[in-house]
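Novice: Just so it is clear, I am handing over upload31.csv, which has CSV, C-alpha atoms and all ligand atoms.
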chain,number,residue,atom,x,y,z
M,1368,MET,CA,24.6,35.7,57.4
M,1369,SER,CA,22.5,36.3,60.5
M,1370,ILE,CA,21.7,33.7,63.1
M,1371,ILE,CA,18.1,33.6,61.9
M,1372,SER,CA,19.2,33.0,58.3
M,1373,ARG,CA,21.6,30.3,59.4
M,1374,ILE,CA,18.8,28.5,61.4
M,1375,PHE,CA,16.3,28.6,58.5
M,1376,LYS,CA,18.8,27.6,55.9
M,1377,TYR,CA,20.2,24.8,58.1
M,1378,LYS,CA,23.8,26.2,58.0
M,1379,CYS,CA,26.7,25.5,60.3
M,1380,PRO,CA,26.6,28.0,63.3
M,1381,ARG,CA,30.3,28.5,63.3
M,1382,CYS,CA,31.1,29.2,59.6
M,1383,GLY,CA,27.7,29.8,58.2
M,1384,LYS,CA,28.6,27.9,55.0
M,1385,GLY,CA,28.4,24.1,55.7
M,1386,ASP,CA,25.1,22.3,55.6
M,1387,ILE,CA,23.9,20.9,59.0
M,1388,TYR,CA,21.8,18.1,57.3
M,1389,THR,CA,22.9,15.6,54.7
M,1390,GLN,CA,21.8,16.6,51.2
M,1391,PRO,CA,19.5,15.8,49.5
M,1392,PHE,CA,16.6,15.5,51.9
M,1393,ASN,CA,15.7,11.8,52.5
M,1394,ILE,CA,12.3,11.2,54.0
M,1395,LYS,CA,13.5,7.9,55.6
M,1396,GLU,CA,16.2,9.8,57.6
M,1397,PRO,CA,14.9,13.4,58.0
M,1398,LEU,CA,17.4,14.3,60.7
M,1399,ALA,CA,20.5,12.7,59.2
M,1400,MET,CA,23.5,14.9,59.8
M,1401,PRO,CA,27.1,14.6,58.8
M,1402,GLU,CA,29.5,13.9,61.7
M,1403,LYS,CA,31.2,17.3,61.2
M,1404,CYS,CA,30.9,20.5,59.1
M,1405,GLU,CA,32.3,20.0,55.6
M,1406,VAL,CA,33.8,23.5,55.7
M,1407,CYS,CA,35.1,24.2,59.2
M,1408,ASP,CA,35.1,20.7,60.8
M,1409,LEU,CA,32.7,21.6,63.6
M,1410,PRO,CA,31.4,18.3,65.0
M,1411,PHE,CA,27.6,18.2,64.7
M,1412,LEU,CA,27.3,15.1,66.9
M,1413,PRO,CA,29.7,15.9,69.8
M,1414,GLN,CA,28.1,13.5,72.3
M,1415,PRO,CA,25.2,11.1,72.7
M,1416,GLY,CA,22.0,13.0,73.6
M,1417,TYR,CA,23.4,16.3,72.5
M,1418,TYR,CA,20.1,17.2,70.7
M,1419,TYR,CA,17.9,16.4,73.8
M,1420,GLY,CA,17.7,20.2,74.4
M,1421,ALA,CA,16.3,20.7,70.9
M,1422,MET,CA,13.2,18.9,72.0
M,1423,PHE,CA,12.6,21.6,74.6
M,1424,MET,CA,13.3,24.3,72.0
M,1425,SER,CA,10.7,22.7,69.7
M,1426,TYR,CA,8.3,22.4,72.5
M,1427,ILE,CA,8.6,26.1,73.4
M,1428,VAL,CA,8.3,27.3,69.8
M,1429,THR,CA,5.5,25.0,68.7
M,1430,GLY,CA,3.5,25.4,71.9
M,1431,TRP,CA,3.1,29.1,71.3
M,1432,LEU,CA,2.6,28.7,67.6
M,1433,TYR,CA,-0.1,26.0,68.0
M,1434,LEU,CA,-1.9,28.1,70.6
M,1435,ALA,CA,-1.9,31.0,68.2
M,1436,ILE,CA,-3.3,28.9,65.4
M,1437,ILE,CA,-6.1,27.6,67.7
M,1438,GLY,CA,-6.8,31.1,68.9
M,1439,PHE,CA,-6.9,32.4,65.3
M,1440,CYS,CA,-9.3,29.7,64.2
M,1441,MET,CA,-11.6,30.0,67.2
M,1442,LEU,CA,-11.6,33.8,67.9
M,1443,ILE,CA,-11.0,35.3,64.5
M,1444,MET,CA,-12.5,32.7,62.1
M,1445,LYS,CA,-15.3,31.7,64.6
M,1446,MET,CA,-14.6,27.9,64.0
M,1447,SER,CA,-15.7,25.2,66.4
M,1448,VAL,CA,-13.2,23.4,68.7
M,1449,GLU,CA,-13.3,20.3,66.4
M,1450,GLN,CA,-12.7,22.3,63.3
M,1451,SER,CA,-9.9,24.3,64.9
M,1452,PHE,CA,-8.1,21.1,66.1
M,1453,GLY,CA,-8.6,19.5,62.7
M,1454,ILE,CA,-6.8,22.4,61.1
M,1455,LEU,CA,-4.1,22.3,63.7
M,1456,ILE,CA,-3.5,18.5,63.2
M,1457,LEU,CA,-3.3,19.1,59.5
M,1458,PHE,CA,-0.8,21.9,60.0
M,1459,VAL,CA,1.3,19.7,62.4
M,1460,ILE,CA,1.4,16.8,59.9
M,1461,LEU,CA,2.4,19.2,57.0
M,1462,THR,CA,5.2,20.9,59.1
M,1463,TYR,CA,6.5,18.0,61.1
M,1464,PHE,CA,9.9,17.5,59.4
M,1465,LYS,CA,10.4,21.3,59.1
M,1466,THR,CA,9.8,21.8,62.8
M,1467,ALA,CA,12.1,18.9,63.9
M,1468,ARG,CA,14.9,20.1,61.6
M,1469,LEU,CA,14.5,23.7,62.7
M,1470,ALA,CA,14.6,22.7,66.4
M,1471,ARG,CA,18.0,21.0,65.9
M,1472,ALA,CA,19.3,23.9,63.9
M,1473,LEU,CA,18.1,26.4,66.6
M,1474,TRP,CA,19.7,24.3,69.4
M,1475,LEU,CA,23.0,24.1,67.5
M,1476,ASN,CA,23.0,27.8,66.9
M,1477,VAL,CA,22.3,28.6,70.5
M,1478,MET,CA,25.0,26.2,71.8
M,1479,VAL,CA,27.8,27.2,69.3
M,1480,LYS,CA,29.0,30.7,68.8
M,1481,HIS,CA,29.4,32.1,65.3
M,1482,ASP,CA,33.0,32.9,64.5
M,1483,LYS,CA,33.6,35.2,61.5
M,1484,LYS,CA,37.3,34.5,61.6
M,1485,TRP,CA,37.2,30.7,61.8
M,1486,ASP,CA,39.1,30.4,58.5
M,1487,VAL,CA,41.9,32.8,59.7
M,1488,ILE,CA,42.5,30.7,62.8
M,1489,LYS,CA,42.8,27.6,60.7
G,1,ZN,ZN,31.1,25.1,59.6
Kindly transcribe the structure held in the file into structure tokens.
Ligand SMILES: [Zn+2]

Specialist:
Amino acid sequence: MSIISRIFKYKCPRCGKGDIYTQPFNIKEPLAMPEKCEVCDLPFLPQPGYYYGAMFMSYIVTGWLYLAIIGFCMLIMKMSVEQSFGILILFVILTYFKTARLARALWLNVMVKHDKKWDVIK
């Protein structure tokens, strides 16, 4: 499983098998995570504020994506500024949870190295 696949499937960065988020999805707690990986025991909440960096990851990714959406609406579709931002706001509302969860998964995969032999060491 590649790093991109682990990020989009919300899988543990070390083993690639355990789920990062508690299942099933609960809209009241969209970022609820187990304390550690159910497969390899990697701690998902190692210290308070660990996911602070995920906010910057989210900012970088969404900033460029939102700029592209506005550019597409205004330059290609010839929409007005108000229409373009209306579409952007709708897009942001529809993808909010996905973006927040992806940012944490991206941060975790950047910070923790994948180990193909984790089960051999154990
Ligand atoms: Zn794991």

Novice: Counting all atoms listed in the file, which residue out of M:Trp1474, M:Phe1423, M:Tyr1388, M:Trp1431 sits closest to ligand ZN 1 (chain G)?

Specialist: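 Answer, going by the shortest atom-to-atom distance: M:Tyr1388.
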
Novice: Any idea what the distance is between CA of Ala1435 in chain M and CA of Lys1465 in chain M?

Specialist: 18.1 Å

Novice: Would you mind listing what lies within 12 Å of Glu1396 in chain M as a PyMOL selection string, with all atoms listed in the file counted and same-chain residues fewer than 5 positions away left out?

Specialist: chain M and resi 1388-1391+1401+1464+1467-1468

Novice: If we count all atoms listed in the file, what is near Ile1374 in chain M at a cut-off of 10 Å, once residues fewer than 5 positions away on the same chain are taken out, given as a ChimeraX atom specification?

Specialist: /M:1369,1379-1380,1383,1387,1468-1477

Novice: Quick one: write out the picked residues with C-alpha atoms as a PDB file, in the frame of the given file?

Specialist:
ATOM      1  CA  SER M1369      22.500  36.300  60.500  1.00  0.00           C
ATOM      2  CA  CYS M1379      26.700  25.500  60.300  1.00  0.00           C
ATOM      3  CA  PRO M1380      26.600  28.000  63.300  1.00  0.00           C
ATOM      4  CA  GLY M1383      27.700  29.800  58.200  1.00  0.00           C
ATOM      5  CA  ILE M1387      23.900  20.900  59.000  1.00  0.00           C
ATOM      6  CA  ARG M1468      14.900  20.100  61.600  1.00  0.00           C
ATOM      7  CA  LEU M1469      14.500  23.700  62.700  1.00  0.00           C
ATOM      8  CA  ALA M1470      14.600  22.700  66.400  1.00  0.00           C
ATOM      9  CA  ARG M1471      18.000  21.000  65.900  1.00  0.00           C
ATOM     10  CA  ALA M1472      19.300  23.900  63.900  1.00  0.00           C
ATOM     11  CA  LEU M1473      18.100  26.400  66.600  1.00  0.00           C
ATOM     12  CA  TRP M1474      19.700  24.300  69.400  1.00  0.00           C
ATOM     13  CA  LEU M1475      23.000  24.100  67.500  1.00  0.00           C
ATOM     14  CA  ASN M1476      23.000  27.800  66.900  1.00  0.00           C
ATOM     15  CA  VAL M1477      22.300  28.600  70.500  1.00  0.00           C
TER      16      VAL M1477
END

Novice: Which residue is closest to ligand ZN 1 (chain G)? Choose from M:Ile1454, M:Val1448, M:Cys1404, M:Val1479 and count all atoms listed in the file.

Specialist: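 Selected residue with least distance to ligand ZN 1 (chain G): M:Cys1404.
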
Novice: Residues within 6 Å of ligand ZN 1 (chain G), counting all atoms listed in the file: report them as a PyMOL selection string.

Specialist: chain M and resi 1379+1381-1385+1404+1406-1407+1409

Novice: Can you tell me, as a ChimeraX atom specification, what residues are no more than 12 Å from Ser1451 in chain M when counting all atoms listed in the file, ignoring any on the same chain fewer than 2 positions away?

Specialist: /M:1433-1449,1453-1458

Novice: For the selection just defined, write its residues with C-alpha atoms to a file, as a CSV table (one decimal), in the frame of the given file.

Specialist:
chain,number,residue,atom,x,y,z
M,1433,TYR,CA,-0.1,26.0,68.0
M,1434,LEU,CA,-1.9,28.1,70.6
M,1435,ALA,CA,-1.9,31.0,68.2
M,1436,ILE,CA,-3.3,28.9,65.4
M,1437,ILE,CA,-6.1,27.6,67.7
M,1438,GLY,CA,-6.8,31.1,68.9
M,1439,PHE,CA,-6.9,32.4,65.3
M,1440,CYS,CA,-9.3,29.7,64.2
M,1441,MET,CA,-11.6,30.0,67.2
M,1442,LEU,CA,-11.6,33.8,67.9
M,1443,ILE,CA,-11.0,35.3,64.5
M,1444,MET,CA,-12.5,32.7,62.1
M,1445,LYS,CA,-15.3,31.7,64.6
M,1446,MET,CA,-14.6,27.9,64.0
M,1447,SER,CA,-15.7,25.2,66.4
M,1448,VAL,CA,-13.2,23.4,68.7
M,1449,GLU,CA,-13.3,20.3,66.4
M,1453,GLY,CA,-8.6,19.5,62.7
M,1454,ILE,CA,-6.8,22.4,61.1
M,1455,LEU,CA,-4.1,22.3,63.7
M,1456,ILE,CA,-3.5,18.5,63.2
M,1457,LEU,CA,-3.3,19.1,59.5
M,1458,PHE,CA,-0.8,21.9,60.0

Novice: One decimal, Å: what's the distance from CA of Ala1421 in chain M over to CA of Met1368 in chain M, could you say?

Specialist: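 These atoms are spaced 21.8 Å apart.
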
Novice: Between CA of Tyr1377 in chain M and CA of Lys1484 in chain M, what is the spacing in Å?

Specialist: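 Atom-to-atom, CA of Lys1484 in chain M and CA of Tyr1377 in chain M are spaced 20.0 Å apart.
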
Novice: Would you fill out range 1420-1443 of chain M with N, CA and C atoms and return it as a compact mmCIF listing (two decimals), keeping the file's coordinate frame?

Specialist:
# COMPACT_ATOMS: atom_id res chain seq x y z
N GLY M 1420 18.16 18.83 74.15
CA GLY M 1420 17.70 20.20 74.40
C GLY M 1420 16.87 20.74 73.23
N ALA M 1421 17.11 20.21 72.02
CA ALA M 1421 16.30 20.70 70.90
C ALA M 1421 14.87 20.33 71.02
N MET M 1422 14.60 19.25 71.74
CA MET M 1422 13.20 18.90 72.00
C MET M 1422 12.50 19.97 72.79
N PHE M 1423 13.20 20.55 73.76
CA PHE M 1423 12.60 21.60 74.60
C PHE M 1423 12.43 22.89 73.73
N MET M 1424 13.40 23.16 72.86
CA MET M 1424 13.30 24.30 72.00
C MET M 1424 12.04 24.14 71.07
N SER M 1425 11.88 22.94 70.54
CA SER M 1425 10.70 22.70 69.70
C SER M 1425 9.44 22.81 70.47
N TYR M 1426 9.45 22.34 71.71
CA TYR M 1426 8.30 22.40 72.50
C TYR M 1426 7.85 23.86 72.80
N ILE M 1427 8.83 24.71 73.11
CA ILE M 1427 8.60 26.10 73.40
C ILE M 1427 7.99 26.83 72.16
N VAL M 1428 8.66 26.64 71.03
CA VAL M 1428 8.30 27.30 69.80
C VAL M 1428 6.90 26.85 69.31
N THR M 1429 6.76 25.53 69.22
CA THR M 1429 5.50 25.00 68.70
C THR M 1429 4.34 25.19 69.63
N GLY M 1430 4.59 25.15 70.92
CA GLY M 1430 3.50 25.40 71.90
C GLY M 1430 2.82 26.71 71.66
N TRP M 1431 3.63 27.76 71.53
CA TRP M 1431 3.10 29.10 71.30
C TRP M 1431 2.44 29.23 69.92
N LEU M 1432 3.11 28.62 68.94
CA LEU M 1432 2.60 28.70 67.60
C LEU M 1432 1.23 27.97 67.47
N TYR M 1433 1.13 26.79 68.07
CA TYR M 1433 -0.10 26.00 68.00
C TYR M 1433 -1.23 26.74 68.77
N LEU M 1434 -0.87 27.35 69.87
CA LEU M 1434 -1.90 28.10 70.60
C LEU M 1434 -2.38 29.29 69.79
N ALA M 1435 -1.48 29.93 69.06
CA ALA M 1435 -1.90 31.00 68.20
C ALA M 1435 -2.79 30.57 67.07
N ILE M 1436 -2.50 29.40 66.52
CA ILE M 1436 -3.30 28.90 65.40
C ILE M 1436 -4.73 28.55 65.96
N ILE M 1437 -4.81 27.90 67.12
CA ILE M 1437 -6.10 27.60 67.70
C ILE M 1437 -6.87 28.89 68.03
N GLY M 1438 -6.15 29.85 68.59
CA GLY M 1438 -6.80 31.10 68.90
C GLY M 1438 -7.29 31.84 67.67
N PHE M 1439 -6.49 31.81 66.60
CA PHE M 1439 -6.90 32.40 65.30
C PHE M 1439 -8.15 31.76 64.79
N CYS M 1440 -8.16 30.44 64.78
CA CYS M 1440 -9.30 29.70 64.20
C CYS M 1440 -10.57 29.94 65.04
N MET M 1441 -10.43 29.91 66.36
CA MET M 1441 -11.60 30.00 67.20
C MET M 1441 -12.11 31.45 67.38
N LEU M 1442 -11.19 32.38 67.61
CA LEU M 1442 -11.60 33.80 67.90
C LEU M 1442 -11.79 34.63 66.69
N ILE M 1443 -10.94 34.47 65.70
CA ILE M 1443 -11.00 35.30 64.50
C ILE M 1443 -11.97 34.67 63.46
